[in-house]
Amino acid sequence: MSVSVFAPASIGNLSVGFDILGLAVKPIDGTLLGDVVSVEKADTNSLVVVGDFANKLPGAPTDNIVWHSLLLFNQAMDKAGHPIDSVKMTLEKKMPVGSGLGSSACSVVAALEGLNAYYQKAHQLSAPYFDEKSMLFMMGQMEAQISGSLHYDNVAPCYMGNLQLMVPDAQVISKALPGFDDCFYVMAYPGIEVSTKAAREVLPESYSRQDVITFGQNIATFVDACHRGDKQQAFSVVKDIIAEPYREHLLPKFKESRDHLLNQGALAAGISGSGPTLFSVFESESKAQEMANWLSENYLQTDLGFVHVCKVDEIGACVL
């Protein structure tokens, strides 16, 4: 008996909401842009890593975040008094590491949700052992191990789908915002890596009063516009005050590509997460595809790069 869970890519920050906004996305051509973790009963615990980007991960399974997710899940099982099985886990690493697409979140979410789904099926439960809030809390713990700080802007949309706003309440963590599901999100990964740690280190220790006011005004306006369904106003404030001015020099061809997309009618364009993936938003599929073709020719820098035209992923992590 085996259970496989897919966890999708996400746009962390969405420019306007540093560390507090995230959006799950899925390519319109059906490509699985994310990671898949399979769990099956075994005599001893083990982890196998396969997939296009498997060689970018640590060689020892015990150094992999999926292995640490298993250990954390088993601790939670033991604390709750549930029986623990030995399992073989297989990570199909479809997501590039250090891409700004929530790669580590995909692995964490797929691993933990895969284990929760496995136990529900293997132990014939009417409901999984752990509810959504417990799972999200564990996912945040694992993501914090990687980035060095606790932020849910990738794991929350990856797990629950849609546009998620992180709230300062440990009992809630994340709230879904009404999004703009009719828009097309063009994701362009150039094929180079930027570590989250390095991208955070270039940020200043403090910000001016005007920057703080502008950030607060923009995120408040965005949330209000989402609830009113005002697409034009929502995307008019999708601007990055906190990170993009300090990170754009880390991303070759980013500034000129962003400016070109905006000149071509993009509702918004910016850095996805910590980069180097560039996201842009369009109202029409034809324009999104035209700009995807342009990005393929002008933004990609290695053979590992790709461009996908996406829609909002409304489901998040799911059993395949």
# chains A, B, ... in the order shown; residues from 1 in each chain; ligands from 1
>>> residues_around(residues="Ile271 (chain A)", least_positions_apart="6", cutoff="12 Å", atoms="only C-alpha atoms", output="NGL selection string")
:A and (10-18 or 99-101 or 186-190 or 194 or 199 or 238-251 or 253-255 or 257-258 or 277-281)
>>> select_by_dssp(residues="region 118-224 of chain A", states="strand (DSSP E or B)", output="ChimeraX atom specification")
/A:163-166,174-177,184-189
>>> write_last_selection(atoms="C-alpha atoms", output="PDB file, in the first residue's frame")
ATOM      1  CA  LEU A 163      -3.847  33.269  -1.824  1.00  0.00           C
ATOM      2  CA  GLN A 164      -2.916  33.142   1.851  1.00  0.00           C
ATOM      3  CA  LEU A 165      -2.329  35.953   4.340  1.00  0.00           C
ATOM      4  CA  MET A 166      -0.270  35.128   7.428  1.00  0.00           C
ATOM      5  CA  SER A 174      -3.081  31.821   7.865  1.00  0.00           C
ATOM      6  CA  LYS A 175      -6.278  33.143   6.294  1.00  0.00           C
ATOM      7  CA  ALA A 176      -7.272  32.723   2.643  1.00  0.00           C
ATOM      8  CA  LEU A 177      -7.875  35.966   0.776  1.00  0.00           C
ATOM      9  CA  PHE A 184      -2.570  34.355 -15.566  1.00  0.00           C
ATOM     10  CA  TYR A 185       0.699  34.173 -13.658  1.00  0.00           C
ATOM     11  CA  VAL A 186       3.858  33.763 -15.750  1.00  0.00           C
ATOM     12  CA  MET A 187       6.652  32.103 -13.772  1.00  0.00           C
ATOM     13  CA  ALA A 188      10.150  32.386 -15.257  1.00  0.00           C
ATOM     14  CA  TYR A 189      12.950  30.472 -13.526  1.00  0.00           C
TER      15      TYR A 189
END
>>> closest_atom_pairs(of="region 19-68 of chain A", to="region 131-142 of chain A", cutoff="10 Å", atoms="only C-alpha atoms", output="tab-separated table")
residue	atom	partner	partner_atom	distance
A:Ile65	CA	A:Met142	CA	7.5
A:Val66	CA	A:Met142	CA	9.2
A:His68	CA	A:Met142	CA	7.7
>>> write_last_selection(atoms="N, CA and C atoms", output="mmCIF file, in the first residue's frame")
data_model
loop_
_atom_site.group_PDB
_atom_site.id
_atom_site.type_symbol
_atom_site.label_atom_id
_atom_site.label_comp_id
_atom_site.auth_asym_id
_atom_site.auth_seq_id
_atom_site.Cartn_x
_atom_site.Cartn_y
_atom_site.Cartn_z
ATOM 1 N N ILE A 65 15.559 17.256 4.084
ATOM 2 C CA ILE A 65 14.465 17.821 4.867
ATOM 3 C C ILE A 65 13.281 16.858 4.960
ATOM 4 N N VAL A 66 13.134 15.971 3.993
ATOM 5 C CA VAL A 66 12.049 14.981 4.059
ATOM 6 C C VAL A 66 12.305 13.995 5.202
ATOM 7 N N HIS A 68 13.969 14.678 7.953
ATOM 8 C CA HIS A 68 13.708 15.418 9.189
ATOM 9 C C HIS A 68 12.207 15.614 9.396
#
>>> closest_residue(among="A:Ser46, A:Asn218, A:Thr31, A:Ser107", to="Val5 (chain A)", atoms="only C-alpha atoms")
A:Ser107
>>> closest_residue(among="A:Ile28, A:Gly22, A:Gly275, A:His308", to="Asn293 (chain A)", atoms="only C-alpha atoms")
A:His308
>>> residues_around(residues="region 220-236 of chain A", least_positions_apart="6", cutoff="7 Å", atoms="only C-alpha atoms", output="list in words")
Leu177, Pro178, Gly179, Phe180, Leu267 and Ala268 of chain A
>>> write_last_selection(atoms="C-alpha atoms", output="compact mmCIF listing (two decimals), in the first residue's frame")
# COMPACT_ATOMS: atom_id res chain seq x y z
CA LEU A 177 -7.87 35.97 0.78
CA PRO A 178 -10.28 36.30 -2.15
CA GLY A 179 -7.92 36.15 -5.11
CA PHE A 180 -8.15 36.90 -8.80
CA LEU A 267 -0.69 44.03 -14.00
CA ALA A 268 2.35 43.38 -11.81
>>> select_by_dssp(residues="region 51-142 of chain A", states="helix (DSSP H, G or I)", output="PyMOL selection string")
chain A and resi 54-56+61-63+65-80+103-122+132-142
>>> residues_around(residues="Val39 (chain A)", least_positions_apart="5", cutoff="8 Å", atoms="only C-alpha atoms", output="JSON, numbers by chain")
{"A": [2, 3, 4, 87, 88, 89, 90, 114, 115, 118]}
>>> write_last_selection(atoms="N, CA and C atoms", output="short mmCIF file (atom, residue, chain, number, x, y, z; two decimals), in the first residue's frame")
data_model
loop_
_atom_site.label_atom_id
_atom_site.label_comp_id
_atom_site.auth_asym_id
_atom_site.auth_seq_id
_atom_site.Cartn_x
_atom_site.Cartn_y
_atom_site.Cartn_z
N SER A 2 0.65 2.12 -0.98
CA SER A 2 1.46 3.33 -1.11
C SER A 2 0.54 4.54 -1.30
N VAL A 3 0.95 5.67 -0.74
CA VAL A 3 0.23 6.93 -0.90
C VAL A 3 1.20 7.96 -1.45
N SER A 4 0.78 8.69 -2.48
CA SER A 4 1.62 9.75 -3.06
C SER A 4 0.90 11.08 -2.96
N VAL A 87 8.49 3.14 7.46
CA VAL A 87 8.05 3.46 6.11
C VAL A 87 9.22 3.73 5.17
N LYS A 88 8.99 3.48 3.91
CA LYS A 88 9.90 3.93 2.85
C LYS A 88 9.28 5.17 2.21
N MET A 89 10.06 6.24 2.17
CA MET A 89 9.59 7.47 1.55
C MET A 89 10.39 7.72 0.27
N THR A 90 9.70 8.13 -0.78
CA THR A 90 10.36 8.46 -2.04
C THR A 90 10.02 9.90 -2.39
N GLY A 114 1.94 13.56 3.06
CA GLY A 114 2.03 12.17 2.61
C GLY A 114 1.95 11.20 3.78
N LEU A 115 2.64 11.54 4.88
CA LEU A 115 2.60 10.69 6.07
C LEU A 115 1.21 10.69 6.70
N TYR A 118 -0.96 8.64 4.50
CA TYR A 118 -0.59 7.22 4.59
C TYR A 118 -1.23 6.57 5.81
#
>>> residues_around(residues="Tyr119 (chain A)", least_positions_apart="3", cutoff="12 Å", atoms="only C-alpha atoms", output="PDB file with N, CA and C atoms, in the first residue's frame")
ATOM      1  N   MET A   1       0.840  -1.183   0.000  1.00  0.00           N
ATOM      2  CA  MET A   1       0.000   0.000   0.000  1.00  0.00           C
ATOM      3  C   MET A   1       0.885   1.245   0.000  1.00  0.00           C
ATOM      4  N   SER A   2       0.653   2.116  -0.983  1.00  0.00           N
ATOM      5  CA  SER A   2       1.458   3.328  -1.110  1.00  0.00           C
ATOM      6  C   SER A   2       0.543   4.536  -1.299  1.00  0.00           C
ATOM      7  N   VAL A   3       0.950   5.666  -0.736  1.00  0.00           N
ATOM      8  CA  VAL A   3       0.230   6.929  -0.900  1.00  0.00           C
ATOM      9  C   VAL A   3       1.205   7.957  -1.454  1.00  0.00           C
ATOM     10  N   VAL A  39       4.751   7.384   0.179  1.00  0.00           N
ATOM     11  CA  VAL A  39       4.991   6.719   1.461  1.00  0.00           C
ATOM     12  C   VAL A  39       4.395   5.320   1.399  1.00  0.00           C
ATOM     13  N   GLU A  40       5.199   4.335   1.788  1.00  0.00           N
ATOM     14  CA  GLU A  40       4.704   2.953   1.845  1.00  0.00           C
ATOM     15  C   GLU A  40       5.307   2.236   3.043  1.00  0.00           C
ATOM     16  N   LYS A  41       4.597   1.251   3.530  1.00  0.00           N
ATOM     17  CA  LYS A  41       5.052   0.490   4.699  1.00  0.00           C
ATOM     18  C   LYS A  41       6.316  -0.288   4.349  1.00  0.00           C
ATOM     19  N   PHE A  73       7.351  14.142  12.405  1.00  0.00           N
ATOM     20  CA  PHE A  73       6.026  13.525  12.373  1.00  0.00           C
ATOM     21  C   PHE A  73       5.956  12.375  13.375  1.00  0.00           C
ATOM     22  N   ASN A  74       7.008  11.569  13.430  1.00  0.00           N
ATOM     23  CA  ASN A  74       7.028  10.441  14.371  1.00  0.00           C
ATOM     24  C   ASN A  74       7.028  10.921  15.826  1.00  0.00           C
ATOM     25  N   MET A  77       3.504  11.747  16.510  1.00  0.00           N
ATOM     26  CA  MET A  77       2.748  10.500  16.661  1.00  0.00           C
ATOM     27  C   MET A  77       2.978   9.891  18.040  1.00  0.00           C
ATOM     28  N   HIS A  82      -0.029   7.469  19.254  1.00  0.00           N
ATOM     29  CA  HIS A  82      -0.435   6.690  18.087  1.00  0.00           C
ATOM     30  C   HIS A  82       0.644   5.667  17.727  1.00  0.00           C
ATOM     31  N   PRO A  83       0.255   4.504  17.198  1.00  0.00           N
ATOM     32  CA  PRO A  83       1.250   3.514  16.750  1.00  0.00           C
ATOM     33  C   PRO A  83       2.033   4.040  15.549  1.00  0.00           C
ATOM     34  N   ILE A  84       3.324   3.724  15.518  1.00  0.00           N
ATOM     35  CA  ILE A  84       4.208   4.239  14.459  1.00  0.00           C
ATOM     36  C   ILE A  84       4.680   3.097  13.576  1.00  0.00           C
ATOM     37  N   ASP A  85       4.530   3.265  12.264  1.00  0.00           N
ATOM     38  CA  ASP A  85       5.008   2.279  11.293  1.00  0.00           C
ATOM     39  C   ASP A  85       6.398   2.663  10.794  1.00  0.00           C
ATOM     40  N   SER A  86       7.158   1.670  10.355  1.00  0.00           N
ATOM     41  CA  SER A  86       8.361   1.941   9.568  1.00  0.00           C
ATOM     42  C   SER A  86       7.922   2.141   8.123  1.00  0.00           C
ATOM     43  N   VAL A  87       8.494   3.144   7.458  1.00  0.00           N
ATOM     44  CA  VAL A  87       8.050   3.463   6.107  1.00  0.00           C
ATOM     45  C   VAL A  87       9.223   3.731   5.173  1.00  0.00           C
ATOM     46  N   LEU A 112       5.026  15.673   4.900  1.00  0.00           N
ATOM     47  CA  LEU A 112       4.152  15.606   6.076  1.00  0.00           C
ATOM     48  C   LEU A 112       2.714  15.236   5.702  1.00  0.00           C
ATOM     49  N   GLU A 113       2.205  15.805   4.632  1.00  0.00           N
ATOM     50  CA  GLU A 113       0.856  15.442   4.198  1.00  0.00           C
ATOM     51  C   GLU A 113       0.825  14.003   3.684  1.00  0.00           C
ATOM     52  N   GLY A 114       1.937  13.559   3.057  1.00  0.00           N
ATOM     53  CA  GLY A 114       2.029  12.171   2.615  1.00  0.00           C
ATOM     54  C   GLY A 114       1.953  11.203   3.785  1.00  0.00           C
ATOM     55  N   LEU A 115       2.638  11.536   4.876  1.00  0.00           N
ATOM     56  CA  LEU A 115       2.602  10.686   6.073  1.00  0.00           C
ATOM     57  C   LEU A 115       1.214  10.690   6.703  1.00  0.00           C
ATOM     58  N   ASN A 116       0.610  11.852   6.793  1.00  0.00           N
ATOM     59  CA  ASN A 116      -0.735  11.945   7.383  1.00  0.00           C
ATOM     60  C   ASN A 116      -1.738  11.133   6.565  1.00  0.00           C
ATOM     61  N   ALA A 122      -3.607   3.472   5.828  1.00  0.00           N
ATOM     62  CA  ALA A 122      -3.050   2.223   6.355  1.00  0.00           C
ATOM     63  C   ALA A 122      -3.763   1.769   7.627  1.00  0.00           C
ATOM     64  N   HIS A 123      -4.167   2.716   8.462  1.00  0.00           N
ATOM     65  CA  HIS A 123      -4.823   2.375   9.723  1.00  0.00           C
ATOM     66  C   HIS A 123      -6.344   2.472   9.623  1.00  0.00           C
ATOM     67  N   GLN A 124      -6.834   2.696   8.380  1.00  0.00           N
ATOM     68  CA  GLN A 124      -8.279   2.717   8.099  1.00  0.00           C
ATOM     69  C   GLN A 124      -9.021   3.681   9.022  1.00  0.00           C
ATOM     70  N   LEU A 125      -8.539   4.904   9.050  1.00  0.00           N
ATOM     71  CA  LEU A 125      -9.129   5.934   9.896  1.00  0.00           C
ATOM     72  C   LEU A 125     -10.196   6.709   9.129  1.00  0.00           C
ATOM     73  N   SER A 126     -11.193   7.175   9.834  1.00  0.00           N
ATOM     74  CA  SER A 126     -12.225   7.999   9.199  1.00  0.00           C
ATOM     75  C   SER A 126     -11.711   9.418   8.956  1.00  0.00           C
ATOM     76  N   ALA A 127     -10.719   9.828   9.737  1.00  0.00           N
ATOM     77  CA  ALA A 127     -10.085  11.135   9.578  1.00  0.00           C
ATOM     78  C   ALA A 127      -8.606  10.973   9.894  1.00  0.00           C
ATOM     79  N   PRO A 128      -7.739  11.818   9.345  1.00  0.00           N
ATOM     80  CA  PRO A 128      -6.318  11.692   9.630  1.00  0.00           C
ATOM     81  C   PRO A 128      -6.013  11.968  11.100  1.00  0.00           C
ATOM     82  N   TYR A 129      -4.855  11.509  11.552  1.00  0.00           N
ATOM     83  CA  TYR A 129      -4.465  11.709  12.943  1.00  0.00           C
ATOM     84  C   TYR A 129      -4.341  13.194  13.286  1.00  0.00           C
ATOM     85  N   PHE A 130      -3.821  13.997  12.338  1.00  0.00           N
ATOM     86  CA  PHE A 130      -3.551  15.403  12.633  1.00  0.00           C
ATOM     87  C   PHE A 130      -4.405  16.318  11.755  1.00  0.00           C
TER      88      PHE A 130
END
>>> closest_residue(among="A:Cys318, A:Ala9, A:Val108, A:Ile192", to="Asp303 (chain A)", atoms="only C-alpha atoms")
A:Ile192
>>> atom_distance(atom1="CA of Val155 (chain A)", atom2="CA of Gly34 (chain A)")
12.1 Å
>>> decode(residues="region 4-19 of chain A", atoms="N, CA and C atoms", output="compact mmCIF listing (two decimals), in the first residue's frame")
# COMPACT_ATOMS: atom_id res chain seq x y z
N SER A 4 0.78 8.69 -2.48
CA SER A 4 1.62 9.75 -3.06
C SER A 4 0.90 11.08 -2.96
N VAL A 5 1.64 12.10 -2.52
CA VAL A 5 1.08 13.45 -2.36
C VAL A 5 1.90 14.44 -3.18
N PHE A 6 1.19 15.28 -3.92
CA PHE A 6 1.82 16.36 -4.68
C PHE A 6 1.63 17.67 -3.94
N ALA A 7 2.69 18.49 -3.87
CA ALA A 7 2.62 19.82 -3.26
C ALA A 7 3.10 20.85 -4.28
N PRO A 8 2.28 21.90 -4.55
CA PRO A 8 2.57 22.81 -5.65
C PRO A 8 3.52 23.96 -5.31
N ALA A 9 4.03 24.59 -6.36
CA ALA A 9 4.87 25.77 -6.25
C ALA A 9 4.05 26.94 -5.70
N SER A 10 4.76 27.94 -5.19
CA SER A 10 4.08 29.11 -4.67
C SER A 10 4.93 30.36 -4.88
N ILE A 11 4.25 31.50 -4.92
CA ILE A 11 4.91 32.80 -4.98
C ILE A 11 4.92 33.38 -3.57
N GLY A 12 6.06 33.35 -2.92
CA GLY A 12 6.16 33.96 -1.60
C GLY A 12 6.28 35.47 -1.73
N ASN A 13 5.73 36.19 -0.76
CA ASN A 13 5.75 37.66 -0.68
C ASN A 13 4.75 38.32 -1.63
N LEU A 14 4.67 37.85 -2.87
CA LEU A 14 3.86 38.50 -3.90
C LEU A 14 4.17 40.00 -3.94
N SER A 15 5.43 40.33 -3.74
CA SER A 15 5.95 41.70 -3.74
C SER A 15 5.40 42.56 -2.62
N VAL A 16 4.09 42.67 -2.52
CA VAL A 16 3.47 43.61 -1.59
C VAL A 16 3.46 43.12 -0.15
N GLY A 17 3.64 41.80 0.07
CA GLY A 17 3.48 41.25 1.42
C GLY A 17 4.68 40.44 1.88
N PHE A 18 5.78 41.11 2.16
CA PHE A 18 7.01 40.42 2.56
C PHE A 18 6.75 39.52 3.77
N ASP A 19 6.99 38.20 3.58
CA ASP A 19 6.84 37.17 4.61
C ASP A 19 5.40 36.95 5.08
